[in-house]
Amino acid sequence: MARLRVEKVQEAIQHEISNMLLLDIKDPRIKLVTVTGVNLTDDMSQAKVYVSLYGSETEQEQAWQALNKARGFLRTEIARRIRLRFAPELILEKDTSWEYGAKIDNLLRQIKENEGTKNE
């Protein structure tokens, strides 16, 4: 039963952070940021928030710094919006799975192209 509550709070945190990044945070550096997941500990004291950053390297770095600066605001708003007595500590993690997927996709295309040229 407790794990079900944790999963519901995870989904609520992901939804609220996404909304805050879209509507409430006015920092122009935070653009092209997507919350891909939240992993909450069983005691709900810590939440790992996985974010994907898009754009150039400098835009990604600026967005990352701005996100880390906004962690306190995000934590306070989560506690208020979800009505939690104790807001979990937010630990931001970069989600690079899309980069890894693109790399694998490119490798598979290269293999397919190489096989096509060998058969000719």
# chains A, B, ... in the order shown; residues from 1 in each chain; ligands from 1
call {"tool": "select_by_dssp", "arguments": {"residues": "segment 58-101 of chain A", "states": "helix (DSSP H, G or I)", "output": "list of chain:residue names"}}
result
A:Thr58, A:Glu59, A:Gln60, A:Glu61, A:Gln62, A:Ala63, A:Trp64, A:Gln65, A:Ala66, A:Leu67, A:Asn68, A:Lys69, A:Arg71, A:Gly72, A:Phe73, A:Leu74, A:Arg75, A:Thr76, A:Glu77, A:Ile78, A:Ala79, A:Arg80, A:Arg81, A:Ile82, A:Ser97, A:Trp98, A:Glu99, A:Tyr100, A:Gly101
call {"tool": "write_last_selection", "arguments": {"atoms": "C-alpha atoms", "output": "PDB file, in the first residue's frame"}}
result
ATOM      1  CA  THR A  58      26.153  26.347 -23.753  1.00  0.00           C
ATOM      2  CA  GLU A  59      22.341  26.470 -23.651  1.00  0.00           C
ATOM      3  CA  GLN A  60      22.271  23.120 -21.874  1.00  0.00           C
ATOM      4  CA  GLU A  61      24.846  24.254 -19.316  1.00  0.00           C
ATOM      5  CA  GLN A  62      22.984  27.518 -18.680  1.00  0.00           C
ATOM      6  CA  ALA A  63      19.697  25.641 -18.280  1.00  0.00           C
ATOM      7  CA  TRP A  64      21.353  23.185 -15.886  1.00  0.00           C
ATOM      8  CA  GLN A  65      22.698  26.025 -13.718  1.00  0.00           C
ATOM      9  CA  ALA A  66      19.303  27.748 -13.721  1.00  0.00           C
ATOM     10  CA  LEU A  67      17.545  24.507 -12.738  1.00  0.00           C
ATOM     11  CA  ASN A  68      19.903  23.972  -9.828  1.00  0.00           C
ATOM     12  CA  LYS A  69      19.322  27.561  -8.735  1.00  0.00           C
ATOM     13  CA  ARG A  71      15.557  23.829  -6.742  1.00  0.00           C
ATOM     14  CA  GLY A  72      14.469  25.610  -3.552  1.00  0.00           C
ATOM     15  CA  PHE A  73      11.526  27.241  -5.311  1.00  0.00           C
ATOM     16  CA  LEU A  74      10.541  23.926  -6.903  1.00  0.00           C
ATOM     17  CA  ARG A  75      10.687  22.123  -3.562  1.00  0.00           C
ATOM     18  CA  THR A  76       8.575  24.756  -1.803  1.00  0.00           C
ATOM     19  CA  GLU A  77       5.980  24.771  -4.560  1.00  0.00           C
ATOM     20  CA  ILE A  78       5.781  20.967  -4.616  1.00  0.00           C
ATOM     21  CA  ALA A  79       5.038  20.890  -0.893  1.00  0.00           C
ATOM     22  CA  ARG A  80       2.362  23.547  -1.322  1.00  0.00           C
ATOM     23  CA  ARG A  81       0.705  22.155  -4.461  1.00  0.00           C
ATOM     24  CA  ILE A  82       0.704  18.484  -3.507  1.00  0.00           C
ATOM     25  CA  SER A  97      19.006   8.260 -22.622  1.00  0.00           C
ATOM     26  CA  TRP A  98      17.854  10.044 -25.792  1.00  0.00           C
ATOM     27  CA  GLU A  99      21.507  10.695 -26.727  1.00  0.00           C
ATOM     28  CA  TYR A 100      22.315   7.037 -26.132  1.00  0.00           C
ATOM     29  CA  GLY A 101      19.311   5.986 -28.226  1.00  0.00           C
TER      30      GLY A 101
END
call {"tool": "select_by_dssp", "arguments": {"residues": "chain A", "states": "strand (DSSP E)", "output": "PDB file with N, CA and C atoms, in the first residue's frame"}}
result
ATOM      1  N   VAL A  33      13.595  22.148 -21.792  1.00  0.00           N
ATOM      2  CA  VAL A  33      13.862  21.228 -20.689  1.00  0.00           C
ATOM      3  C   VAL A  33      12.636  20.348 -20.513  1.00  0.00           C
ATOM      4  N   THR A  34      12.855  19.050 -20.408  1.00  0.00           N
ATOM      5  CA  THR A  34      11.765  18.101 -20.225  1.00  0.00           C
ATOM      6  C   THR A  34      12.033  17.251 -18.994  1.00  0.00           C
ATOM      7  N   VAL A  35      11.029  17.093 -18.153  1.00  0.00           N
ATOM      8  CA  VAL A  35      11.131  16.200 -17.000  1.00  0.00           C
ATOM      9  C   VAL A  35      10.740  14.811 -17.488  1.00  0.00           C
ATOM     10  N   THR A  36      11.716  13.899 -17.477  1.00  0.00           N
ATOM     11  CA  THR A  36      11.463  12.569 -18.023  1.00  0.00           C
ATOM     12  C   THR A  36      11.056  11.555 -16.965  1.00  0.00           C
ATOM     13  N   GLY A  37      11.317  11.856 -15.705  1.00  0.00           N
ATOM     14  CA  GLY A  37      10.935  10.919 -14.661  1.00  0.00           C
ATOM     15  C   GLY A  37      11.299  11.416 -13.286  1.00  0.00           C
ATOM     16  N   VAL A  38      10.669  10.786 -12.294  1.00  0.00           N
ATOM     17  CA  VAL A  38      10.957  11.081 -10.895  1.00  0.00           C
ATOM     18  C   VAL A  38      11.053   9.754 -10.175  1.00  0.00           C
ATOM     19  N   ASN A  39      12.079   9.617  -9.359  1.00  0.00           N
ATOM     20  CA  ASN A  39      12.256   8.415  -8.556  1.00  0.00           C
ATOM     21  C   ASN A  39      12.300   8.845  -7.097  1.00  0.00           C
ATOM     22  N   LEU A  40      11.282   8.471  -6.339  1.00  0.00           N
ATOM     23  CA  LEU A  40      11.125   8.882  -4.953  1.00  0.00           C
ATOM     24  C   LEU A  40      11.515   7.736  -4.033  1.00  0.00           C
ATOM     25  N   GLN A  46      13.692  11.940  -0.377  1.00  0.00           N
ATOM     26  CA  GLN A  46      14.478  12.401  -1.521  1.00  0.00           C
ATOM     27  C   GLN A  46      13.784  12.007  -2.821  1.00  0.00           C
ATOM     28  N   ALA A  47      13.864  12.918  -3.776  1.00  0.00           N
ATOM     29  CA  ALA A  47      13.294  12.653  -5.091  1.00  0.00           C
ATOM     30  C   ALA A  47      14.352  12.961  -6.139  1.00  0.00           C
ATOM     31  N   LYS A  48      14.714  11.956  -6.916  1.00  0.00           N
ATOM     32  CA  LYS A  48      15.596  12.183  -8.057  1.00  0.00           C
ATOM     33  C   LYS A  48      14.719  12.580  -9.234  1.00  0.00           C
ATOM     34  N   VAL A  49      15.005  13.753  -9.764  1.00  0.00           N
ATOM     35  CA  VAL A  49      14.231  14.274 -10.883  1.00  0.00           C
ATOM     36  C   VAL A  49      15.117  14.204 -12.116  1.00  0.00           C
ATOM     37  N   TYR A  50      14.702  13.420 -13.094  1.00  0.00           N
ATOM     38  CA  TYR A  50      15.478  13.245 -14.322  1.00  0.00           C
ATOM     39  C   TYR A  50      14.978  14.242 -15.365  1.00  0.00           C
ATOM     40  N   VAL A  51      15.914  15.036 -15.886  1.00  0.00           N
ATOM     41  CA  VAL A  51      15.563  16.053 -16.879  1.00  0.00           C
ATOM     42  C   VAL A  51      16.417  15.867 -18.127  1.00  0.00           C
ATOM     43  N   SER A  52      15.777  16.090 -19.274  1.00  0.00           N
ATOM     44  CA  SER A  52      16.490  16.100 -20.544  1.00  0.00           C
ATOM     45  C   SER A  52      16.661  17.548 -20.959  1.00  0.00           C
ATOM     46  N   LEU A  53      17.872  17.885 -21.354  1.00  0.00           N
ATOM     47  CA  LEU A  53      18.196  19.236 -21.785  1.00  0.00           C
ATOM     48  C   LEU A  53      18.482  19.214 -23.273  1.00  0.00           C
ATOM     49  N   GLU A  89      13.688  16.289  -0.674  1.00  0.00           N
ATOM     50  CA  GLU A  89      14.857  16.983  -1.227  1.00  0.00           C
ATOM     51  C   GLU A  89      14.944  16.614  -2.697  1.00  0.00           C
ATOM     52  N   LEU A  90      15.100  17.615  -3.547  1.00  0.00           N
ATOM     53  CA  LEU A  90      15.167  17.366  -4.983  1.00  0.00           C
ATOM     54  C   LEU A  90      16.611  17.186  -5.416  1.00  0.00           C
ATOM     55  N   ILE A  91      16.873  16.086  -6.078  1.00  0.00           N
ATOM     56  CA  ILE A  91      18.187  15.806  -6.637  1.00  0.00           C
ATOM     57  C   ILE A  91      18.004  15.754  -8.148  1.00  0.00           C
ATOM     58  N   LEU A  92      18.574  16.719  -8.825  1.00  0.00           N
ATOM     59  CA  LEU A  92      18.428  16.784 -10.275  1.00  0.00           C
ATOM     60  C   LEU A  92      19.471  15.903 -10.952  1.00  0.00           C
ATOM     61  N   GLU A  93      19.032  15.139 -11.925  1.00  0.00           N
ATOM     62  CA  GLU A  93      19.908  14.257 -12.693  1.00  0.00           C
ATOM     63  C   GLU A  93      19.666  14.508 -14.171  1.00  0.00           C
ATOM     64  N   LYS A  94      20.739  14.577 -14.939  1.00  0.00           N
ATOM     65  CA  LYS A  94      20.597  14.717 -16.385  1.00  0.00           C
ATOM     66  C   LYS A  94      20.228  13.361 -16.980  1.00  0.00           C
TER      67      LYS A  94
END
call {"tool": "closest_residue", "arguments": {"among": "A:Thr96, A:Arg83, A:Glu113, A:Leu4", "to": "Glu16 of chain A", "atoms": "only C-alpha atoms"}}
result
A:Arg83
call {"tool": "closest_residue", "arguments": {"among": "A:Gln14, A:Tyr54, A:Val6, A:Arg109", "to": "Asp95 of chain A", "atoms": "only C-alpha atoms"}}
result
A:Tyr54
call {"tool": "atom_distance", "arguments": {"atom1": "atom CA of Leu22 of chain A", "atom2": "atom CA of Gly55 of chain A"}}
result
16.4 Å
call {"tool": "atom_distance", "arguments": {"atom1": "atom CA of Ala87 of chain A", "atom2": "atom CA of Asn19 of chain A"}}
result
17.3 Å
call {"tool": "atom_distance", "arguments": {"atom1": "atom CA of Arg85 of chain A", "atom2": "atom CA of Leu23 of chain A"}}
result
24.3 Å
